[in-house]
$ cat run_4.txt   # compact mmCIF, C-alpha atoms
# COMPACT_ATOMS: atom_id res chain seq x y z
CA MET E 1299 -22.81 -0.14 5.45
CA LYS E 1300 -21.59 -3.29 3.71
CA GLN E 1301 -24.05 -2.78 0.85
CA GLU E 1302 -23.09 0.90 0.52
CA ILE E 1303 -19.44 -0.05 0.25
CA PHE E 1304 -20.17 -2.77 -2.31
CA ASN E 1305 -22.18 -0.30 -4.39
CA HIS E 1306 -19.36 2.24 -4.19
CA LEU E 1307 -16.76 -0.33 -5.24
CA THR E 1308 -18.74 -1.64 -8.20
CA GLY E 1309 -20.41 1.62 -9.24
CA ASN E 1310 -17.54 4.05 -8.79
CA LEU E 1311 -14.04 2.74 -8.15
CA ILE E 1312 -13.95 -0.18 -10.57
CA PRO E 1313 -15.47 1.71 -13.53
CA PHE E 1314 -13.43 4.86 -12.80
CA TRP E 1315 -10.17 2.96 -13.17
CA GLN E 1316 -11.44 1.00 -16.16
CA ASN E 1317 -12.19 4.33 -17.82
CA ILE E 1318 -8.58 5.55 -17.67
CA ALA E 1319 -7.01 2.52 -19.33
CA ASP E 1320 -4.68 3.62 -22.13
CA GLU E 1321 -5.70 1.40 -25.02
CA LYS E 1322 -3.07 2.85 -27.37
CA PHE E 1323 0.15 2.64 -25.35
CA GLY E 1324 -0.80 0.23 -22.59
CA GLY E 1325 -1.33 0.59 -18.90
CA PHE E 1326 -3.33 3.43 -17.41
CA TYR E 1327 -3.03 7.17 -17.79
CA GLY E 1328 -0.61 8.41 -15.16
CA LEU E 1329 -2.22 11.69 -14.18
CA VAL E 1330 -5.72 13.00 -13.60
CA THR E 1331 -5.72 16.42 -12.01
CA ALA E 1332 -8.19 17.77 -9.46
CA ASP E 1333 -10.35 19.27 -12.21
CA GLY E 1334 -10.90 15.81 -13.72
CA LYS E 1335 -8.61 16.39 -16.70
CA VAL E 1336 -6.87 13.28 -17.99
CA HIS E 1337 -3.25 13.97 -18.97
CA LYS E 1338 -2.59 11.33 -21.60
CA GLU E 1339 1.11 12.12 -21.99
CA ALA E 1340 1.97 12.06 -18.29
CA GLU E 1341 4.60 9.84 -16.69
CA LYS E 1342 3.38 6.35 -15.80
CA GLY E 1343 4.50 5.03 -12.42
CA THR E 1344 5.17 1.39 -11.69
CA ILE E 1345 3.85 1.69 -8.13
CA LEU E 1346 0.58 3.02 -9.54
CA HIS E 1347 0.31 0.14 -12.01
CA ALA E 1348 1.28 -2.53 -9.48
CA ARG E 1349 -1.42 -1.24 -7.16
CA ILE E 1350 -3.96 -1.16 -9.98
CA LEU E 1351 -3.03 -4.77 -10.75
CA TRP E 1352 -3.53 -5.72 -7.11
CA PHE E 1353 -6.86 -3.87 -7.01
CA PHE E 1354 -8.36 -5.42 -10.12
CA SER E 1355 -7.07 -8.88 -9.21
CA ASN E 1356 -8.69 -8.80 -5.78
CA ALA E 1357 -11.87 -7.12 -7.01
CA SER E 1358 -12.10 -9.93 -9.57
CA ILE E 1359 -11.68 -12.55 -6.84
CA LEU E 1360 -14.40 -10.84 -4.81
CA LEU E 1361 -16.82 -10.69 -7.73
CA GLY E 1362 -16.04 -14.21 -8.96
CA LYS E 1363 -15.04 -13.15 -12.47
CA GLU E 1364 -11.98 -11.55 -14.02
CA ILE E 1365 -12.33 -7.85 -14.80
CA PRO E 1366 -10.75 -7.30 -18.26
CA ALA E 1367 -8.67 -4.37 -17.02
CA THR E 1368 -6.76 -6.80 -14.77
CA LYS E 1369 -4.85 -8.37 -17.65
CA HIS E 1370 -4.30 -4.90 -19.11
CA ALA E 1371 -2.46 -3.91 -15.92
CA TYR E 1372 -0.50 -7.17 -15.86
CA GLU E 1373 0.71 -6.76 -19.43
CA TRP E 1374 2.04 -3.27 -18.66
CA ILE E 1375 4.08 -4.61 -15.73
CA LYS E 1376 5.34 -7.58 -17.77
CA ASN E 1377 6.09 -5.81 -21.03
CA ILE E 1378 7.00 -2.26 -20.05
CA ALA E 1379 7.99 -1.90 -16.39
CA LEU E 1380 10.48 -4.78 -16.29
CA ASP E 1381 14.13 -4.00 -17.03
CA LYS E 1382 15.15 -6.94 -19.20
CA GLU E 1383 18.86 -6.09 -18.97
CA ASN E 1384 19.47 -5.31 -15.29
CA GLY E 1385 16.48 -6.94 -13.66
CA GLY E 1386 13.84 -5.36 -11.47
CA VAL E 1387 11.21 -2.80 -12.39
CA TYR E 1388 11.74 0.86 -13.22
CA TRP E 1389 10.26 3.60 -11.06
CA SER E 1390 8.44 5.06 -14.07
CA THR E 1391 8.18 5.25 -17.85
CA THR E 1392 7.04 7.78 -20.41
CA PHE E 1393 3.42 7.68 -21.51
CA ASP E 1394 4.40 5.57 -24.52
CA GLY E 1395 6.43 3.03 -22.60
CA LYS E 1396 10.07 4.18 -22.60
CA PRO E 1397 12.09 4.06 -19.36
CA LEU E 1398 11.93 7.47 -17.68
CA ASP E 1399 12.99 7.32 -14.03
CA THR E 1400 15.19 4.23 -13.96
CA THR E 1401 15.61 4.21 -10.19
CA LYS E 1402 15.30 0.71 -8.76
CA HIS E 1403 13.63 1.14 -5.38
CA THR E 1404 12.99 -1.77 -3.05
CA TYR E 1405 9.55 -0.35 -2.27
CA CYS E 1406 8.68 -0.42 -5.97
CA GLN E 1407 9.92 -4.00 -6.42
CA ALA E 1408 7.82 -5.06 -3.42
CA PHE E 1409 4.64 -3.60 -4.86
CA ALA E 1410 5.25 -5.32 -8.18
CA ILE E 1411 5.52 -8.60 -6.24
CA TYR E 1412 2.29 -7.73 -4.44
CA GLY E 1413 0.32 -7.13 -7.63
CA LEU E 1414 1.79 -10.08 -9.53
CA SER E 1415 1.13 -12.48 -6.66
CA SER E 1416 -2.51 -11.45 -6.48
CA TYR E 1417 -2.78 -11.83 -10.24
CA TYR E 1418 -1.46 -15.38 -9.91
CA LEU E 1419 -3.99 -16.15 -7.17
CA LEU E 1420 -6.72 -15.00 -9.55
CA THR E 1421 -5.52 -16.60 -12.79
CA LYS E 1422 -2.94 -19.27 -11.86
CA ASP E 1423 -0.75 -17.72 -14.56
CA GLU E 1424 2.66 -19.35 -13.97
CA GLU E 1425 4.47 -16.59 -15.83
CA ALA E 1426 3.16 -13.99 -13.38
CA LEU E 1427 4.37 -16.08 -10.43
CA LYS E 1428 7.78 -16.52 -12.04
CA ILE E 1429 8.16 -12.75 -12.49
CA ALA E 1430 7.17 -12.21 -8.86
CA CYS E 1431 9.73 -14.79 -7.73
CA ASP E 1432 12.41 -13.20 -9.91
CA LEU E 1433 11.73 -9.85 -8.24
CA TYR E 1434 11.91 -11.52 -4.83
CA HIS E 1435 15.37 -12.87 -5.71
CA ILE E 1436 16.40 -9.41 -6.94
CA ILE E 1437 15.47 -7.91 -3.56
CA GLU E 1438 17.24 -10.63 -1.60
CA GLU E 1439 20.37 -10.59 -3.76
CA ARG E 1440 20.71 -6.87 -4.48
CA CYS E 1441 18.80 -4.88 -1.85
CA VAL E 1442 19.70 -6.40 1.54
CA GLY E 1443 21.69 -4.15 3.87
CA GLU E 1444 23.42 -4.91 7.14
CA LEU E 1445 20.36 -4.34 9.33
CA SER E 1446 17.38 -4.31 6.96
CA TYR E 1447 16.56 -3.74 3.31
CA ARG E 1448 18.47 -0.98 1.58
CA GLU E 1449 16.09 1.20 -0.38
CA ALA E 1450 17.22 3.23 -3.38
CA PHE E 1451 19.43 2.11 -6.25
CA ASN E 1452 20.45 3.23 -9.71
CA VAL E 1453 19.39 1.25 -12.76
CA ASP E 1454 22.22 -1.29 -12.23
CA PHE E 1455 21.47 -1.63 -8.48
CA THR E 1456 24.34 0.52 -7.28
CA PRO E 1457 23.12 2.38 -4.15
CA THR E 1458 21.89 5.95 -4.44
CA SER E 1459 20.18 8.51 -2.20
CA ASN E 1460 16.72 7.78 -0.82
CA GLU E 1461 14.73 10.98 -1.39
CA LYS E 1462 11.79 9.04 -2.81
CA LEU E 1463 10.87 7.43 0.51
CA SER E 1464 12.11 10.26 2.74
CA GLU E 1465 10.08 13.26 3.89
CA ASN E 1466 9.97 16.04 6.48
CA GLY E 1467 13.41 17.40 5.63
CA VAL E 1468 15.40 14.23 6.36
CA GLU E 1469 16.96 11.59 4.15
CA ALA E 1470 16.55 8.11 5.58
CA TYR E 1471 18.82 5.12 5.12
CA TYR E 1472 16.12 2.72 6.33
CA THR E 1473 12.39 3.41 6.59
CA MET E 1474 9.44 1.85 8.35
CA ASN E 1475 7.39 2.28 5.20
CA THR E 1476 9.60 0.22 2.91
CA LEU E 1477 9.95 -2.64 5.38
CA LEU E 1478 6.16 -2.69 5.91
CA HIS E 1479 5.49 -3.07 2.21
CA VAL E 1480 8.27 -5.59 1.60
CA MET E 1481 6.50 -7.64 4.26
CA GLU E 1482 3.16 -7.01 2.55
CA GLY E 1483 4.46 -8.08 -0.87
CA TYR E 1484 6.19 -11.13 0.57
CA THR E 1485 3.02 -12.15 2.44
CA GLU E 1486 1.04 -12.14 -0.81
CA LEU E 1487 3.83 -14.04 -2.57
CA TYR E 1488 3.86 -16.57 0.28
CA ARG E 1489 0.14 -17.15 -0.26
CA ALA E 1490 0.75 -17.62 -3.98
CA LEU E 1491 3.61 -20.06 -3.38
CA LEU E 1492 1.50 -22.11 -0.98
CA ALA E 1493 -1.25 -22.24 -3.59
CA SER E 1494 1.22 -23.36 -6.26
CA GLY E 1495 3.03 -25.89 -4.05
CA ASP E 1496 6.39 -24.20 -4.66
CA THR E 1497 9.01 -25.08 -2.02
CA LEU E 1498 10.33 -21.50 -2.12
CA ALA E 1499 7.56 -20.85 0.42
CA GLU E 1500 9.76 -22.36 3.16
CA GLU E 1501 12.53 -19.84 2.49
CA LEU E 1502 10.04 -17.00 2.26
CA ALA E 1503 8.59 -17.86 5.67
CA ASP E 1504 12.06 -17.25 7.15
CA LYS E 1505 12.29 -13.89 5.36
CA LEU E 1506 8.88 -12.87 6.70
CA ASN E 1507 9.88 -13.78 10.23
CA ASN E 1508 12.99 -11.65 9.79
CA CYS E 1509 10.81 -8.71 8.69
CA LEU E 1510 8.64 -9.19 11.77
CA LYS E 1511 11.73 -9.31 13.98
CA ILE E 1512 13.05 -6.03 12.57
CA GLU E 1513 9.63 -4.47 13.08
CA TYR E 1514 9.46 -5.59 16.71
CA GLU E 1515 13.08 -4.92 17.68
CA LYS E 1516 13.95 -1.83 15.63
CA ILE E 1517 10.82 0.00 14.47
CA TYR E 1518 8.46 -0.51 17.40
CA SER E 1519 9.03 1.83 20.35
CA PRO E 1520 7.50 0.30 23.51
CA GLU E 1521 8.07 3.60 25.34
CA LEU E 1522 6.17 5.65 22.77
CA LYS E 1523 3.69 2.85 21.98
CA ARG E 1524 4.10 3.50 18.26
CA GLN E 1525 6.37 2.98 15.29
CA LEU E 1526 9.44 5.03 14.54
CA VAL E 1527 9.58 6.13 10.91
CA PHE E 1528 12.97 7.20 9.52
CA PHE E 1529 16.38 5.79 10.46
CA ASP E 1530 20.09 6.26 9.77
CA ASP E 1531 22.50 3.49 8.77
CA LYS E 1532 22.82 2.36 12.41
CA PHE E 1533 19.01 2.07 12.60
CA ASP E 1534 18.77 5.01 14.98
CA SER E 1535 15.66 7.16 14.62
CA ILE E 1536 16.42 10.52 12.99
CA ILE E 1537 13.12 12.33 13.52
CA ASP E 1538 10.30 12.49 16.07
CA LEU E 1539 7.45 11.63 13.73
CA TYR E 1540 4.20 9.86 14.59
CA SER E 1541 2.57 8.60 11.39
CA TYR E 1542 -0.99 7.89 12.49
CA GLY E 1543 -1.95 6.45 9.12
CA HIS E 1544 0.94 3.99 9.01
CA ASP E 1545 0.37 2.84 12.58
CA ILE E 1546 -3.30 2.06 12.01
CA GLU E 1547 -2.42 0.40 8.69
CA THR E 1548 0.26 -1.71 10.38
CA SER E 1549 -2.17 -2.70 13.14
CA TRP E 1550 -4.12 -4.88 10.72
CA LEU E 1551 -1.62 -5.50 7.92
CA LEU E 1552 1.00 -7.04 10.19
CA ASP E 1553 -1.68 -9.22 11.76
CA ARG E 1554 -2.43 -10.48 8.26
CA THR E 1555 1.17 -11.63 7.93
CA VAL E 1556 0.97 -13.37 11.31
CA GLU E 1557 -2.24 -15.09 10.23
CA VAL E 1558 -0.87 -16.19 6.84
CA LEU E 1559 2.30 -17.60 8.43
CA GLY E 1560 0.23 -19.57 10.92
CA ASP E 1561 2.32 -22.01 12.94
CA LYS E 1562 5.48 -20.81 11.20
CA CYS E 1563 5.15 -17.35 12.80
CA GLU E 1564 7.67 -16.63 15.55
CA ASN E 1565 6.85 -14.38 18.53
CA LYS E 1566 3.16 -14.36 17.57
CA ASP E 1567 1.68 -13.25 20.91
CA ALA E 1568 4.05 -10.30 21.31
CA LEU E 1569 3.40 -9.15 17.75
CA LEU E 1570 -0.37 -9.27 18.17
CA ALA E 1571 -0.12 -7.34 21.42
CA MET E 1572 2.05 -4.72 19.71
CA THR E 1573 -0.40 -4.19 16.86
CA GLN E 1574 -3.31 -3.89 19.26
CA GLN E 1575 -1.36 -1.23 21.10
CA PHE E 1576 -0.99 0.67 17.82
CA ALA E 1577 -4.77 0.65 17.33
CA GLU E 1578 -5.47 1.67 20.92
CA GLU E 1579 -2.99 4.54 20.81
CA VAL E 1580 -4.22 5.90 17.49
CA TYR E 1581 -7.80 5.77 18.76
CA SER E 1582 -6.85 7.48 22.02
CA ILE E 1583 -4.46 10.11 20.73
CA ALA E 1584 -5.48 10.93 17.15
CA PHE E 1585 -9.09 9.93 16.41
CA ASP E 1586 -11.38 12.96 16.70
CA GLY E 1587 -14.68 11.10 16.49
CA HIS E 1588 -14.89 10.94 12.70
CA SER E 1589 -11.46 11.01 11.06
CA LEU E 1590 -7.71 10.87 11.53
CA PRO E 1591 -5.14 13.62 10.90
CA TYR E 1592 -2.05 12.89 8.86
CA GLU E 1593 0.80 12.80 11.37
CA ALA E 1594 2.54 14.65 14.20
CA GLU E 1595 6.14 15.92 14.03
CA ASN E 1596 7.75 16.91 17.32
CA GLY E 1597 4.30 16.81 18.85
CA ILE E 1598 2.82 19.26 16.32
CA VAL E 1599 -0.11 17.73 14.47
CA ASN E 1600 -0.49 18.04 10.71
CA THR E 1601 -4.28 18.26 10.57
CA THR E 1602 -4.59 17.37 6.86
CA ARG E 1603 -7.10 14.60 6.19
CA ALA E 1604 -5.63 12.28 3.56
CA TRP E 1605 -7.70 9.80 1.55
CA TRP E 1606 -5.44 6.87 2.32
CA VAL E 1607 -5.32 7.55 6.06
CA GLN E 1608 -9.11 7.45 6.34
CA ALA E 1609 -9.29 4.21 4.35
CA GLU E 1610 -6.72 2.55 6.60
CA THR E 1611 -8.47 3.92 9.69
CA ALA E 1612 -11.73 2.23 8.74
CA LEU E 1613 -9.87 -1.02 8.11
CA GLY E 1614 -7.75 -0.81 11.25
CA PHE E 1615 -10.65 0.01 13.57
CA ASN E 1616 -12.83 -2.75 12.11
CA HIS E 1617 -9.97 -5.21 12.56
CA ALA E 1618 -9.48 -4.06 16.17
CA TYR E 1619 -13.19 -4.62 16.82
CA LYS E 1620 -13.04 -8.15 15.42
CA LYS E 1621 -9.88 -8.81 17.42
CA THR E 1622 -11.13 -7.50 20.78
CA GLY E 1623 -14.90 -7.13 20.62
CA ASP E 1624 -14.53 -3.57 21.92
CA GLU E 1625 -17.60 -1.64 20.74
CA LYS E 1626 -15.71 1.65 20.52
CA PHE E 1627 -13.89 0.36 17.45
CA LYS E 1628 -17.15 -0.77 15.82
CA GLU E 1629 -18.67 2.68 16.29
CA ALA E 1630 -15.48 4.36 15.11
CA THR E 1631 -15.54 2.31 11.89
CA LYS E 1632 -19.06 3.55 11.19
CA LYS E 1633 -18.09 7.16 11.89
CA VAL E 1634 -15.07 7.03 9.59
CA TRP E 1635 -17.16 5.58 6.75
CA GLN E 1636 -19.73 8.34 7.24
CA TYR E 1637 -16.94 10.94 7.12
CA ILE E 1638 -15.55 9.38 3.93
CA LYS E 1639 -18.99 9.39 2.27
CA THR E 1640 -19.65 12.99 3.22
CA ASN E 1641 -16.25 14.48 2.50
CA PHE E 1642 -14.22 12.34 0.10
CA ILE E 1643 -16.91 10.82 -2.16
CA VAL E 1644 -18.64 14.06 -3.07
CA ALA E 1645 -18.41 14.72 -6.80
CA LYS E 1646 -18.35 13.20 -10.27
CA TYR E 1647 -15.32 14.20 -12.28
CA PHE E 1648 -16.25 12.98 -15.75
CA GLY E 1649 -19.74 14.35 -16.16
CA ASP E 1650 -21.99 11.40 -15.42
CA GLU E 1651 -19.10 8.97 -15.20
CA PRO E 1652 -18.00 7.26 -11.94
CA SER E 1653 -15.80 9.09 -9.46
CA GLU E 1654 -12.67 8.56 -7.38
CA TRP E 1655 -12.04 9.94 -3.89
CA LEU E 1656 -10.65 13.38 -3.33
CA ASN E 1657 -6.98 13.32 -2.36
CA GLU E 1658 -6.50 15.55 0.69
CA LEU E 1659 -8.75 17.83 2.72
CA THR E 1660 -8.15 20.57 5.24
CA MET E 1661 -9.33 19.91 8.77
CA ASP E 1662 -12.61 21.72 8.02
CA GLY E 1663 -13.30 19.51 4.99
CA LYS E 1664 -12.17 21.71 2.07
CA SER E 1665 -10.46 20.02 -0.85
CA LYS E 1666 -6.79 20.86 -1.32
CA ASP E 1667 -7.24 20.37 -5.09
CA MET E 1668 -4.65 17.64 -5.42
CA ASP E 1669 -4.44 15.03 -8.17
CA LEU E 1670 -7.09 12.33 -8.41
CA VAL E 1671 -4.61 9.98 -10.10
CA SER E 1672 -0.80 10.09 -9.86
CA ILE E 1673 2.14 7.85 -9.06
CA TRP E 1674 0.88 7.74 -5.46
CA LYS E 1675 -2.88 8.32 -5.88
CA CYS E 1676 -4.33 4.97 -6.80
CA PRO E 1677 -7.12 2.47 -6.01
CA TYR E 1678 -4.98 0.61 -3.48
CA HIS E 1679 -5.96 2.01 -0.07
CA ASN E 1680 -9.59 2.86 -0.76
CA GLY E 1681 -10.14 -0.14 -3.04
CA ARG E 1682 -8.58 -2.40 -0.45
CA MET E 1683 -10.77 -0.85 2.23
CA CYS E 1684 -13.85 -1.73 0.19
CA ILE E 1685 -12.74 -5.29 -0.54
CA GLU E 1686 -11.63 -6.02 3.02
CA LEU E 1687 -14.71 -4.55 4.66
CA ILE E 1688 -17.06 -6.38 2.28
CA ASN E 1689 -15.30 -9.59 3.28
CA ASN E 1690 -15.16 -8.83 7.00
CA LEU E 1691 -18.15 -6.74 8.10

$ encode --input "run_4.txt" --output "structure tokens"
Amino acid sequence: MKQEIFNHLTGNLIPFWQNIADEKFGGFYGLVTADGKVHKEAEKGTILHARILWFFSNASILLGKEIPATKHAYEWIKNIALDKENGGVYWSTTFDGKPLDTTKHTYCQAFAIYGLSSYYLLTKDEEALKIACDLYHIIEERCVGELSYREAFNVDFTPTSNEKLSENGVEAYYTMNTLLHVMEGYTELYRALLASGDTLAEELADKLNNCLKIEYEKIYSPELKRQLVFFDDKFDSIIDLYSYGHDIETSWLLDRTVEVLGDKCENKDALLAMTQQFAEEVYSIAFDGHSLPYEAENGIVNTTRAWWVQAETALGFNHAYKKTGDEKFKEATKKVWQYIKTNFIVAKYFGDEPSEWLNELTMDGKSKDMDLVSIWKCPYHNGRMCIELINNL
């Protein structure tokens, strides 16, 4: 299994994303549709590029040599995504590098920090670390609300509505998803600061502990044994939604933060017990023996199989096996990988060129013909699955 995943990473995912680098205008083409057509004049998303930067940085670390496309992604973030006047990164630009959607979203800033921090860990490029730290200060100075991180802002960081990170017919003031990925970005930045010897790491440890506290006290529901998802300004849940994919992702990703913080982590035992409960509940309630459905709203299951959910399921179950030694998680990891191979990695989209995963499938395994590359469809979840499993199987 480990060799299969390595072969897939190096023979498919890495070359696929190298192939869609835009050598004329910078960055990577922002849209590849289900038929394999590259749309060279499509919008380019900052989240997509930050995740590409993270992917190539960590793939380079794994392989022991820098993949040239890594710097290509970094230069797009540095030269095009950054708002030199107001600070922060734009949500998106035009294909040729002009600001398009100038929303400043906390989620987007966090992913830029994530990618830049990994790039620093690969290259020791001090400029990349400085940009990541500047974005950290932007979040802490401009995006902090009364109870957690505010989410959506206009170009000048005046608050605006949060449709971008809201779904299912509600508009959320706070979301589980944004807090999770602020924590993720800050964890990678903390690793970079420790590597650089920067004393900002001490302050960042406090911020990470605050994220963990909000997760445990506000987002975690001990009664439901899962995370709540969308909240109003009082941090009251506004929808009965069980996001299976996010819970299994959190089960290992939050443990990573606990591990990186080490002795500086507060409430460690309770946090580790909480994340194990997430894995146990997802396995018990949602896992069907080979894959995971998307979510359940008011108890009604959305049976769509999404690429990112399966990737996080393989990671989460393997982590749960390493954490507990429970063989059911080991077997489940194998079954999910088999399902991914059979259903998501099934075609070549550029003739004989390498392929990406399909986006979403129906419960019976039929493709829903969604984009192969978009603002949200990227090499982050599946690429991360490959890298993490190669390192941990």

$ residues_around --input "run_4.txt" --residues "stretch 1684-1687 of chain E" --least-positions-apart "5" --cutoff "9 Å" --atoms "all atoms listed in the file" --output "list in words"
Lys1300, Ile1303, Phe1304, His1306, Leu1307, Phe1353, Asn1356, Ala1357, Leu1360, Ala1609, Ala1612, Leu1613, Asn1616 and His1679 of chain E

$ residues_around --input "run_4.txt" --residues "E:Ala1430" --least-positions-apart "3" --cutoff "6 Å" --atoms "all atoms listed in the file" --output "NGL selection string"
:E and (1411 or 1414 or 1427 or 1433)

$ write_last_selection --input "run_4.txt" --atoms "C-alpha atoms" --output "JSON list (two decimals), keeping the file's coordinate frame"
[["chain", "number", "residue", "atom", "x", "y", "z"],
["E", 1411, "ILE", "CA", 5.52, -8.60, -6.24],
["E", 1414, "LEU", "CA", 1.79, -10.08, -9.53],
["E", 1427, "LEU", "CA", 4.37, -16.08, -10.43],
["E", 1433, "LEU", "CA", 11.73, -9.85, -8.24]]

$ residues_around --input "run_4.txt" --residues "E:His1403" --least-positions-apart "3" --cutoff "6 Å" --atoms "all atoms listed in the file" --output "list in words"
Cys1406, Glu1449, Ala1450 and Phe1451 of chain E

$ residues_around --input "run_4.txt" --residues "E:Lys1566" --least-positions-apart "6" --cutoff "12 Å" --atoms "all atoms listed in the file" --output "PyMOL selection string"
chain E and resi 1507+1510-1511+1514+1552-1560+1572-1573

$ closest_residue --input "run_4.txt" --among "E:Lys1516, E:Ala1367, E:Thr1458, E:Thr1392" --to "E:Leu1329" --atoms "only C-alpha atoms"
E:Thr1392

$ residues_near_point --input "run_4.txt" --point "(11.1, 15.1, 13.5)" --cutoff "10 Å" --atoms "only C-alpha atoms" --output "list in words"
Glu1465, Asn1466, Gly1467, Val1468, Val1527, Phe1528, Ser1535, Ile1536, Ile1537, Asp1538, Leu1539, Tyr1540, Ala1594, Glu1595, Asn1596, Gly1597 and Ile1598 of chain E

$ residues_near_point --input "run_4.txt" --point "(-6.7, 12.5, -3.9)" --cutoff "10 Å" --atoms "only C-alpha atoms" --output "NGL selection string"
:E and (1330-1332 or 1604-1606 or 1642 or 1654-1659 or 1665-1672 or 1674-1676)

$ closest_residue --input "run_4.txt" --among "E:Tyr1472, E:Tyr1327, E:Tyr1372, E:Tyr1418" --to "E:Leu1492" --atoms "only C-alpha atoms"
E:Tyr1418

$ closest_residue --input "run_4.txt" --among "E:Arg1440, E:Leu1522, E:Tyr1412, E:Lys1621" --to "E:Met1481" --atoms "only C-alpha atoms"
E:Tyr1412

$ residues_around --input "run_4.txt" --residues "E:Val1580" --least-positions-apart "6" --cutoff "12 Å" --atoms "all atoms listed in the file" --output "mmCIF file with C-alpha atoms, in the frame of the given file"
data_model
loop_
_atom_site.group_PDB
_atom_site.id
_atom_site.type_symbol
_atom_site.label_atom_id
_atom_site.label_comp_id
_atom_site.auth_asym_id
_atom_site.auth_seq_id
_atom_site.Cartn_x
_atom_site.Cartn_y
_atom_site.Cartn_z
ATOM 1 C CA LEU E 1522 6.170 5.650 22.770
ATOM 2 C CA LYS E 1523 3.690 2.850 21.980
ATOM 3 C CA ARG E 1524 4.100 3.500 18.260
ATOM 4 C CA GLN E 1525 6.370 2.980 15.290
ATOM 5 C CA TYR E 1540 4.200 9.860 14.590
ATOM 6 C CA SER E 1541 2.570 8.600 11.390
ATOM 7 C CA TYR E 1542 -0.990 7.890 12.490
ATOM 8 C CA GLY E 1543 -1.950 6.450 9.120
ATOM 9 C CA HIS E 1544 0.940 3.990 9.010
ATOM 10 C CA ASP E 1545 0.370 2.840 12.580
ATOM 11 C CA ILE E 1546 -3.300 2.060 12.010
ATOM 12 C CA GLU E 1547 -2.420 0.400 8.690
ATOM 13 C CA THR E 1548 0.260 -1.710 10.380
ATOM 14 C CA SER E 1549 -2.170 -2.700 13.140
ATOM 15 C CA THR E 1573 -0.400 -4.190 16.860
ATOM 16 C CA GLN E 1574 -3.310 -3.890 19.260
ATOM 17 C CA ASP E 1586 -11.380 12.960 16.700
ATOM 18 C CA GLY E 1587 -14.680 11.100 16.490
ATOM 19 C CA SER E 1589 -11.460 11.010 11.060
ATOM 20 C CA LEU E 1590 -7.710 10.870 11.530
ATOM 21 C CA PRO E 1591 -5.140 13.620 10.900
ATOM 22 C CA TYR E 1592 -2.050 12.890 8.860
ATOM 23 C CA GLU E 1593 0.800 12.800 11.370
ATOM 24 C CA ALA E 1594 2.540 14.650 14.200
ATOM 25 C CA VAL E 1607 -5.320 7.550 6.060
ATOM 26 C CA GLU E 1610 -6.720 2.550 6.600
ATOM 27 C CA THR E 1611 -8.470 3.920 9.690
ATOM 28 C CA GLY E 1614 -7.750 -0.810 11.250
ATOM 29 C CA PHE E 1615 -10.650 0.010 13.570
ATOM 30 C CA ALA E 1618 -9.480 -4.060 16.170
ATOM 31 C CA PHE E 1627 -13.890 0.360 17.450
ATOM 32 C CA ALA E 1630 -15.480 4.360 15.110
#

$ atom_distance --input "run_4.txt" --atom1 "atom CA of E:Ile1436" --atom2 "atom CA of E:Phe1409"
13.3 Å

$ atom_distance --input "run_4.txt" --atom1 "atom CA of E:Asp1432" --atom2 "atom CA of E:Glu1486"
14.6 Å

$ atom_distance --input "run_4.txt" --atom1 "atom CA of E:Asp1534" --atom2 "atom CA of E:Tyr1471"
9.9 Å

$ closest_residue --input "run_4.txt" --among "E:Ser1459, E:Glu1513, E:Leu1398, E:Gly1495" --to "E:Val1480" --atoms "all atoms listed in the file"
E:Glu1513

$ closest_residue --input "run_4.txt" --among "E:Glu1439, E:Asp1530, E:Glu1383, E:Glu1501" --to "E:Tyr1484" --atoms "all atoms listed in the file"
E:Glu1501

$ closest_residue --input "run_4.txt" --among "E:Leu1419, E:Ala1490, E:Ile1345, E:Leu1351" --to "E:Tyr1388" --atoms "all atoms listed in the file"
E:Ile1345
